[in-house]
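Visitor: For reference, the file start-v4.cif (mmCIF, C-alpha atoms) is included below:
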```cif
data_my_file
loop_
_atom_site.label_atom_id
_atom_site.label_comp_id
_atom_site.auth_asym_id
_atom_site.auth_seq_id
_atom_site.Cartn_x
_atom_site.Cartn_y
_atom_site.Cartn_z
CA MET A 236 127.95 211.06 68.00
CA SER A 237 124.72 212.63 67.10
CA GLU A 238 122.74 210.63 64.54
CA LYS A 239 120.79 207.50 65.30
CA CYS A 240 122.95 204.42 64.97
CA CYS A 241 120.60 201.45 64.74
CA HIS A 242 117.52 202.36 62.75
CA TYR A 243 116.10 198.95 61.81
CA ARG A 244 119.31 197.35 63.17
CA LYS A 245 121.48 199.13 60.63
CA ASN A 246 124.11 201.70 61.56
CA LYS A 247 123.24 205.25 60.51
CA ARG A 248 126.24 207.28 61.61
CA GLY A 249 127.01 210.68 60.21
CA THR A 250 130.26 211.62 58.49
CA LYS A 251 131.68 213.30 61.60
CA ASP A 252 130.89 210.26 63.76
CA LEU A 253 132.47 207.90 61.23
CA GLU A 254 135.60 210.05 61.08
CA LEU A 255 135.91 210.02 64.87
CA LEU A 256 135.46 206.25 65.12
CA ASN A 257 137.82 205.56 62.23
CA HIS A 258 140.43 207.90 63.71
CA ARG A 259 140.34 205.93 66.96
CA LEU A 260 140.49 202.62 65.11
CA ASN A 261 143.45 203.82 63.04
CA ARG A 262 145.24 204.85 66.21
CA ILE A 263 144.60 201.43 67.75
CA GLU A 264 145.83 199.77 64.57
CA GLY A 265 149.01 201.85 64.79
CA GLN A 266 149.49 200.78 68.40
CA ILE A 267 149.12 197.12 67.41
CA HIS A 268 151.70 197.51 64.64
CA GLY A 269 154.00 199.20 67.16
CA ILE A 270 153.63 196.26 69.53
CA GLN A 271 154.36 193.83 66.71
CA LYS A 272 157.53 195.78 65.92
CA MET A 273 158.50 195.78 69.61
CA ILE A 274 158.12 192.01 69.78
CA ASN A 275 160.10 191.48 66.58
CA GLU A 276 162.85 193.70 67.97
CA ASN A 277 162.88 191.78 71.27
CA VAL A 278 161.97 194.83 73.32
CA TYR A 279 161.85 194.28 77.09
CA CYS A 280 158.66 192.43 78.13
CA ASN A 281 157.64 195.12 80.61
CA ASP A 282 157.58 197.74 77.86
CA VAL A 283 155.48 195.49 75.59
CA LEU A 284 153.04 194.84 78.43
CA ILE A 285 152.65 198.57 79.03
CA GLU A 286 151.79 199.07 75.36
CA LEU A 287 149.35 196.16 75.44
CA ALA A 288 147.60 197.75 78.42
CA ALA A 289 147.34 201.01 76.46
CA VAL A 290 145.68 199.17 73.56
CA GLU A 291 143.24 197.48 75.92
CA LYS A 292 142.32 200.88 77.35
CA ALA A 293 141.90 202.39 73.88
CA ILE A 294 139.60 199.56 72.82
CA GLN A 295 137.60 199.90 76.04
CA ASN A 296 137.20 203.64 75.44
CA LEU A 297 135.98 203.00 71.90
CA SER A 298 133.53 200.39 73.18
CA ASN A 299 132.23 202.82 75.79
CA MET A 300 131.69 205.52 73.15
CA ILE A 301 129.66 203.17 70.97
CA LEU A 302 127.74 201.77 73.94
CA GLU A 303 126.86 205.26 75.16
CA GLU A 304 125.52 206.27 71.75
CA HIS A 305 123.62 203.01 71.51
CA LEU A 306 121.95 203.66 74.86
CA TYR A 307 121.08 207.27 74.09
CA SER A 308 119.68 206.59 70.63
CA CYS A 309 118.75 203.03 69.76
CA ILE A 310 117.71 201.75 73.16
CA THR A 311 115.93 204.96 74.10
CA ASP A 312 113.96 204.82 70.84
CA ASP A 313 113.07 201.16 71.38
CA LEU A 314 111.88 201.76 74.94
CA GLU A 315 109.82 204.78 73.88
CA ASN A 316 108.18 202.53 71.27
CA GLY A 317 107.47 199.78 73.80
CA LYS A 318 110.18 197.39 72.58
CA LEU A 319 111.20 196.07 75.99
CA GLU A 320 113.26 193.24 74.49
CA SER A 321 116.00 195.86 74.08
CA LEU A 322 116.51 195.63 77.83
CA ASP A 323 117.55 191.99 77.37
CA GLU A 324 120.03 193.13 74.73
CA ILE A 325 121.56 195.67 77.10
CA ILE A 326 121.73 193.20 79.98
CA SER A 327 123.52 190.76 77.68
CA LEU A 328 125.98 193.48 76.61
CA PHE A 329 126.77 194.44 80.18
CA LYS A 330 127.34 190.79 81.11
CA ARG A 331 129.72 190.48 78.17
CA PHE A 332 131.56 193.67 79.16
CA HIS A 333 132.09 192.48 82.74
CA LYS A 334 133.48 188.98 82.19
#
```
Mind turning the file's structure into structure tokens?
Guide:
Amino acid sequence: MSEKCCHYRKNKRGTKDLELLNHRLNRIEGQIHGIQKMINENVYCNDVLIELAAVEKAIQNLSNMILEEHLYSCITDDLENGKLESLDEIISLFKRFHK
């Protein structure tokens, strides 16, 4: 993900970045639909739980991608421009991630 994402608190992602994020979201959506089908077909609980864990991991990976880009672009820019309140934003995000 190469372009700045939060210029004036608006997302400015390039076409390639949007395609990558949407591809991951579509894959997660497919996994969710698969789990719904498994439940409707009374698939063994253990198998459903394994798929749920895979979705959790996929969502975590997507979150990490977006967080990394946010740190490298938005937060770096804010700190270089003396906007130290961005540190509070990051601390709040990390607290939310580690609940």
Visitor: Report the residues retrieved by the PyMOL selection byres ((chain A and resi 310) around 12) from the displayed file, expressed as a PDB file with C-alpha atoms, in the coordinates of the input.
Guide:
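selection19.pdb, freshly written:
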```pdb
ATOM      1  CA  LYS A 239     120.790 207.500  65.300  1.00  0.00           C
ATOM      2  CA  CYS A 240     122.950 204.420  64.970  1.00  0.00           C
ATOM      3  CA  CYS A 241     120.600 201.450  64.740  1.00  0.00           C
ATOM      4  CA  HIS A 242     117.520 202.360  62.750  1.00  0.00           C
ATOM      5  CA  TYR A 243     116.100 198.950  61.810  1.00  0.00           C
ATOM      6  CA  ARG A 244     119.310 197.350  63.170  1.00  0.00           C
ATOM      7  CA  LEU A 302     127.740 201.770  73.940  1.00  0.00           C
ATOM      8  CA  GLU A 303     126.860 205.260  75.160  1.00  0.00           C
ATOM      9  CA  GLU A 304     125.520 206.270  71.750  1.00  0.00           C
ATOM     10  CA  HIS A 305     123.620 203.010  71.510  1.00  0.00           C
ATOM     11  CA  LEU A 306     121.950 203.660  74.860  1.00  0.00           C
ATOM     12  CA  TYR A 307     121.080 207.270  74.090  1.00  0.00           C
ATOM     13  CA  SER A 308     119.680 206.590  70.630  1.00  0.00           C
ATOM     14  CA  CYS A 309     118.750 203.030  69.760  1.00  0.00           C
ATOM     15  CA  THR A 311     115.930 204.960  74.100  1.00  0.00           C
ATOM     16  CA  ASP A 312     113.960 204.820  70.840  1.00  0.00           C
ATOM     17  CA  ASP A 313     113.070 201.160  71.380  1.00  0.00           C
ATOM     18  CA  LEU A 314     111.880 201.760  74.940  1.00  0.00           C
ATOM     19  CA  GLU A 315     109.820 204.780  73.880  1.00  0.00           C
ATOM     20  CA  ASN A 316     108.180 202.530  71.270  1.00  0.00           C
ATOM     21  CA  GLY A 317     107.470 199.780  73.800  1.00  0.00           C
ATOM     22  CA  LYS A 318     110.180 197.390  72.580  1.00  0.00           C
ATOM     23  CA  LEU A 319     111.200 196.070  75.990  1.00  0.00           C
ATOM     24  CA  GLU A 320     113.260 193.240  74.490  1.00  0.00           C
ATOM     25  CA  SER A 321     116.000 195.860  74.080  1.00  0.00           C
ATOM     26  CA  LEU A 322     116.510 195.630  77.830  1.00  0.00           C
ATOM     27  CA  ASP A 323     117.550 191.990  77.370  1.00  0.00           C
ATOM     28  CA  GLU A 324     120.030 193.130  74.730  1.00  0.00           C
ATOM     29  CA  ILE A 325     121.560 195.670  77.100  1.00  0.00           C
ATOM     30  CA  ILE A 326     121.730 193.200  79.980  1.00  0.00           C
TER      31      ILE A 326
END
```
Visitor: For the provided coordinates, the residues matched by the PyMOL selection byres ((chain A and resi 289-294) around 10) should be stated as a ChimeraX atom specification.
Guide: /A:259-260,262-267,270,283-288,295-300
Visitor: Once you add 6 Å to each side, what are the centre and edge lengths of the axis-aligned box holding all listed atoms of stretch 276-283 of chain A? One decimal in Å, as lines of an AutoDock Vina configuration file, if you can.
Guide:
```
center_x = 159.2
center_y = 194.8
center_z = 74.3
size_x = 19.4
size_y = 18.0
size_z = 24.6
```
Visitor: I'd like the interatomic distance between atom CA of A:Gln271 and atom CA of A:His258, to a tenth of an Å.
Guide: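 Those two atoms sit 20.0 Å apart.
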Visitor: Distance atom CA of A:Phe332-atom CA of A:Asp252, one decimal place?
Guide: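 About the pair atom CA of A:Phe332 and atom CA of A:Asp252: they are 22.6 Å apart.
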Visitor: Would you work out the distance separating atom CA of A:Gly269 from atom CA of A:Glu254, expressed in Å to one decimal?
Guide: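 Here the two named atoms are 22.2 Å from each other.
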